[in-house]
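Reviewing the structure listed below.
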Amino acid sequence: MLAVEADDWWLETRQRLEIAGEELNWAVFRRDFLRKYSPEDVRGKKEIEFLELKQRSMTVTAYAMKFGELAKFYQHYDGPTGEFSKCIKFENGLHPEIKKVISYQKIQMFADLVDNCRIYEDDNTAHYKIISEKRGKSNQNRGKPYDPLAGKGKQKAAQRQRTSGEMPLLV
(Lines give C-alpha, C1' and ligand atoms only; values in the text may rest on other atoms or scores of the structure.)
Protein backbone atom coordinates (compact mmCIF):
# COMPACT_ATOMS: atom_id res chain seq x y z
CA MET A 1 0.00 0.00 0.00
CA LEU A 2 1.28 3.40 -0.92
CA ALA A 3 0.61 6.44 1.19
CA VAL A 4 -0.30 10.02 0.32
CA GLU A 5 2.20 11.39 -2.21
CA ALA A 6 3.41 7.96 -3.41
CA ASP A 7 -0.18 6.87 -3.97
CA ASP A 8 -0.84 9.99 -6.04
CA TRP A 9 2.34 9.30 -8.03
CA TRP A 10 1.25 5.69 -8.72
CA LEU A 11 -2.24 6.68 -9.90
CA GLU A 12 -0.71 9.14 -12.36
CA THR A 13 2.02 6.72 -13.46
CA ARG A 14 -0.42 3.84 -13.91
CA GLN A 15 -2.66 5.98 -16.07
CA ARG A 16 0.34 7.07 -18.18
CA LEU A 17 1.52 3.43 -18.60
CA GLU A 18 -1.96 2.21 -19.57
CA ILE A 19 -2.29 4.94 -22.22
CA ALA A 20 1.15 3.98 -23.56
CA GLY A 21 -0.01 0.34 -23.72
CA GLU A 22 2.76 -0.86 -21.40
CA GLU A 23 2.13 -4.02 -19.39
CA LEU A 24 1.63 -3.36 -15.67
CA ASN A 25 3.76 -5.77 -13.65
CA TRP A 26 6.14 -5.70 -10.72
CA ALA A 27 9.24 -5.01 -12.84
CA VAL A 28 7.62 -1.96 -14.47
CA PHE A 29 6.36 -0.65 -11.13
CA ARG A 30 9.76 -1.15 -9.51
CA ARG A 31 11.61 0.53 -12.38
CA ASP A 32 9.42 3.64 -12.28
CA PHE A 33 9.28 3.75 -8.48
CA LEU A 34 13.07 3.64 -8.20
CA ARG A 35 13.42 6.33 -10.87
CA LYS A 36 11.15 8.57 -8.86
CA TYR A 37 12.19 7.85 -5.26
CA SER A 38 15.73 6.55 -5.48
CA PRO A 39 17.91 8.54 -7.88
CA GLU A 40 20.54 6.65 -9.85
CA ASP A 41 23.50 8.43 -8.20
CA VAL A 42 22.24 7.47 -4.73
CA ARG A 43 21.73 3.86 -5.83
CA GLY A 44 25.27 3.84 -7.25
CA LYS A 45 26.73 5.01 -3.93
CA LYS A 46 24.72 2.39 -2.04
CA GLU A 47 25.90 -0.30 -4.45
CA ILE A 48 29.54 0.65 -3.86
CA GLU A 49 28.93 0.68 -0.09
CA PHE A 50 27.46 -2.81 -0.43
CA LEU A 51 30.39 -4.13 -2.46
CA GLU A 52 32.84 -2.80 0.16
CA LEU A 53 30.81 -4.01 3.16
CA LYS A 54 32.70 -6.05 5.79
CA GLN A 55 31.62 -7.21 9.24
CA ARG A 56 34.48 -5.50 11.09
CA SER A 57 33.26 -4.63 14.62
CA MET A 58 29.57 -5.38 13.95
CA THR A 59 27.83 -8.40 15.38
CA VAL A 60 26.65 -10.98 12.86
CA THR A 61 23.08 -9.74 13.34
CA ALA A 62 24.02 -6.11 12.67
CA TYR A 63 26.15 -7.16 9.68
CA ALA A 64 23.26 -9.21 8.23
CA MET A 65 20.86 -6.27 8.66
CA LYS A 66 23.23 -3.86 6.93
CA PHE A 67 23.88 -6.47 4.22
CA GLY A 68 20.14 -6.86 3.57
CA GLU A 69 19.58 -3.13 3.54
CA LEU A 70 22.32 -2.54 0.95
CA ALA A 71 21.72 -5.70 -1.12
CA LYS A 72 18.49 -4.11 -2.37
CA PHE A 73 20.63 -1.72 -4.37
CA TYR A 74 22.65 -4.51 -5.99
CA GLN A 75 20.37 -6.14 -8.55
CA HIS A 76 22.72 -9.03 -9.37
CA TYR A 77 21.21 -10.98 -6.46
CA ASP A 78 17.75 -11.13 -7.99
CA GLY A 79 16.67 -14.40 -9.53
CA PRO A 80 17.42 -18.07 -8.94
CA THR A 81 21.23 -17.83 -8.76
CA GLY A 82 21.16 -14.77 -6.53
CA GLU A 83 20.76 -16.67 -3.26
CA PHE A 84 24.08 -18.51 -3.53
CA SER A 85 25.85 -15.36 -4.71
CA LYS A 86 24.57 -13.52 -1.63
CA CYS A 87 26.01 -16.30 0.53
CA ILE A 88 29.41 -15.99 -1.09
CA LYS A 89 29.47 -12.20 -0.64
CA PHE A 90 28.27 -12.44 2.97
CA GLU A 91 30.92 -15.06 3.84
CA ASN A 92 33.69 -12.98 2.30
CA GLY A 93 32.78 -10.06 4.57
CA LEU A 94 32.77 -12.08 7.81
CA HIS A 95 35.43 -11.92 10.50
CA PRO A 96 38.19 -14.36 9.51
CA GLU A 97 37.50 -16.54 12.58
CA ILE A 98 33.82 -16.97 11.70
CA LYS A 99 34.54 -17.30 7.99
CA LYS A 100 37.02 -20.12 8.67
CA VAL A 101 34.42 -22.12 10.61
CA ILE A 102 31.44 -21.42 8.33
CA SER A 103 32.86 -21.45 4.79
CA TYR A 104 33.63 -25.18 4.60
CA GLN A 105 29.90 -25.88 5.10
CA LYS A 106 29.06 -24.44 1.65
CA ILE A 107 25.67 -23.14 2.79
CA GLN A 108 23.61 -22.00 -0.20
CA MET A 109 20.59 -20.48 1.54
CA PHE A 110 21.19 -16.98 2.89
CA ALA A 111 18.88 -17.29 5.92
CA ASP A 112 20.60 -20.57 6.94
CA LEU A 113 24.02 -18.97 6.58
CA VAL A 114 23.09 -16.02 8.80
CA ASP A 115 21.56 -18.35 11.40
CA ASN A 116 24.68 -20.54 11.53
CA CYS A 117 26.95 -17.51 11.84
CA ARG A 118 24.81 -16.06 14.65
CA ILE A 119 24.82 -19.38 16.52
CA TYR A 120 28.60 -19.67 16.20
CA GLU A 121 29.06 -16.08 17.37
CA ASP A 122 26.70 -16.57 20.34
CA ASP A 123 28.37 -19.83 21.36
CA ASN A 124 31.82 -18.33 21.01
CA THR A 125 30.88 -15.22 23.00
CA ALA A 126 29.35 -17.37 25.76
CA HIS A 127 32.47 -19.56 25.84
CA TYR A 128 34.83 -16.59 26.28
CA LYS A 129 32.52 -15.06 28.89
CA ILE A 130 32.64 -18.28 30.96
CA ILE A 131 36.44 -18.46 30.69
CA SER A 132 36.74 -14.79 31.68
CA GLU A 133 34.48 -15.32 34.70
CA LYS A 134 36.49 -18.37 35.79
CA ARG A 135 39.73 -16.44 35.49
CA GLY A 136 38.26 -13.58 37.49
CA LYS A 137 37.23 -15.90 40.34
CA SER A 138 40.57 -17.73 40.47
CA ASN A 139 42.53 -14.47 40.45
CA GLN A 140 40.53 -13.06 43.38
CA ASN A 141 42.00 -15.57 45.85
CA ARG A 142 45.60 -15.15 44.78
CA GLY A 143 47.86 -12.36 45.92
CA LYS A 144 49.88 -10.36 43.48
CA PRO A 145 52.93 -12.23 42.22
CA TYR A 146 55.07 -9.29 43.31
CA ASP A 147 53.96 -7.07 46.14
CA PRO A 148 56.46 -4.22 46.60
CA LEU A 149 55.13 -3.30 50.05
CA ALA A 150 55.65 -6.82 51.42
CA GLY A 151 59.27 -6.76 50.27
CA LYS A 152 59.95 -3.36 51.92
CA GLY A 153 58.60 -4.57 55.24
CA LYS A 154 61.01 -7.52 55.19
CA GLN A 155 63.93 -5.24 54.35
CA LYS A 156 63.18 -2.94 57.32
CA ALA A 157 63.00 -5.94 59.64
CA ALA A 158 66.36 -7.16 58.36
CA GLN A 159 67.93 -3.69 58.88
CA ARG A 160 66.72 -3.62 62.50
CA GLN A 161 68.32 -6.97 63.12
CA ARG A 162 71.71 -5.73 61.79
CA THR A 163 71.90 -2.98 64.36
CA SER A 164 72.21 -5.59 67.08
CA GLY A 165 75.55 -6.70 65.62
CA GLU A 166 74.33 -9.88 63.96
CA MET A 167 74.80 -10.88 60.35
CA PRO A 168 72.07 -9.62 58.01
CA LEU A 169 69.33 -12.08 57.39
CA LEU A 170 68.35 -12.63 53.75
CA VAL A 171 64.69 -13.09 53.31
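Ligands are numbered from 1 in the order shown, chains are lettered A, B, ... in the order of the C-alpha coordinates, and residues start at 1 in each chain.
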
>> List as number ranges by chain the protein and nucleic acid residues near Asn92 in chain A, meaning an atom at most 9 Å away when only C-alpha atoms are counted, but skip any in the same chain fewer than 5 places from it.
In response: A: 54, 87, 99, 103

What does the file look like for those residues with N, CA and C atoms, as an mmCIF file, in the first residue's frame?
```cif
data_model
loop_
_atom_site.group_PDB
_atom_site.id
_atom_site.type_symbol
_atom_site.label_atom_id
_atom_site.label_comp_id
_atom_site.auth_asym_id
_atom_site.auth_seq_id
_atom_site.Cartn_x
_atom_site.Cartn_y
_atom_site.Cartn_z
ATOM 1 N N LYS A 54 32.039 -5.010 4.993
ATOM 2 C CA LYS A 54 32.697 -6.050 5.794
ATOM 3 C C LYS A 54 32.087 -6.020 7.197
ATOM 4 N N CYS A 87 25.271 -15.537 -0.487
ATOM 5 C CA CYS A 87 26.005 -16.298 0.530
ATOM 6 C C CYS A 87 27.509 -16.102 0.379
ATOM 7 N N LYS A 99 34.463 -16.848 9.379
ATOM 8 C CA LYS A 99 34.543 -17.303 7.987
ATOM 9 C C LYS A 99 35.221 -18.669 7.908
ATOM 10 N N SER A 103 32.721 -21.333 6.252
ATOM 11 C CA SER A 103 32.859 -21.452 4.790
ATOM 12 C C SER A 103 32.949 -22.893 4.297
#
```

Write out as a tab-separated table the residues of range 94-137 of chain A that have any atom within 12 Å of an atom of range 55-74 of chain A, one row each with the nearest atom pair and its distance in Å to one decimal, counting only C-alpha atoms, sorted by chain and then rising number.
```
residue	atom	partner	partner_atom	distance
A:Leu94	CA	A:Gln55	CA	5.2
A:His95	CA	A:Gln55	CA	6.2
A:Pro96	CA	A:Gln55	CA	9.7
A:Glu97	CA	A:Gln55	CA	11.5
A:Ile98	CA	A:Val60	CA	9.4
A:Lys99	CA	A:Gln55	CA	10.6
A:Phe110	CA	A:Ala64	CA	9.7
A:Ala111	CA	A:Ala64	CA	9.5
A:Asp112	CA	A:Ala64	CA	11.7
A:Leu113	CA	A:Ala64	CA	9.9
A:Val114	CA	A:Ala64	CA	6.8
A:Asp115	CA	A:Thr61	CA	9.0
A:Asn116	CA	A:Val60	CA	9.9
A:Cys117	CA	A:Val60	CA	6.6
A:Arg118	CA	A:Val60	CA	5.7
A:Ile119	CA	A:Val60	CA	9.3
A:Tyr120	CA	A:Val60	CA	9.5
A:Glu121	CA	A:Val60	CA	7.2
A:Asp122	CA	A:Val60	CA	9.3
A:Thr125	CA	A:Thr59	CA	10.7
```

> Nearest to Arg16 in chain A among A:Phe50, A:Asp32, A:Met1, A:Arg43, with distances taken over only C-alpha atoms: which residue is it?
Replying inline: A:Asp32

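Picture a line from CA of Arg35 in chain A to CA of Arg14 in chain A; it runs 14.4 Å.
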
> With distances taken over only C-alpha atoms, which of A:Arg31, A:Lys100, A:Arg135, A:Lys36 is nearest to Gln75 in chain A?
Replying inline: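 Comparing A:Arg31, A:Lys100, A:Arg135, A:Lys36 against Gln75 in chain A, the winner is A:Arg31.
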
>> I'd like the interatomic distance between CA of Val28 in chain A and CA of Trp9 in chain A, to a tenth of an Å.
In response: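 Going from CA of Val28 in chain A over to CA of Trp9 in chain A covers 14.0 Å.
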
>> Can you tell me, as a count of residues only, which residues in range 93-128 of chain A count as alpha helix (DSSP H) by DSSP?
In response: 27
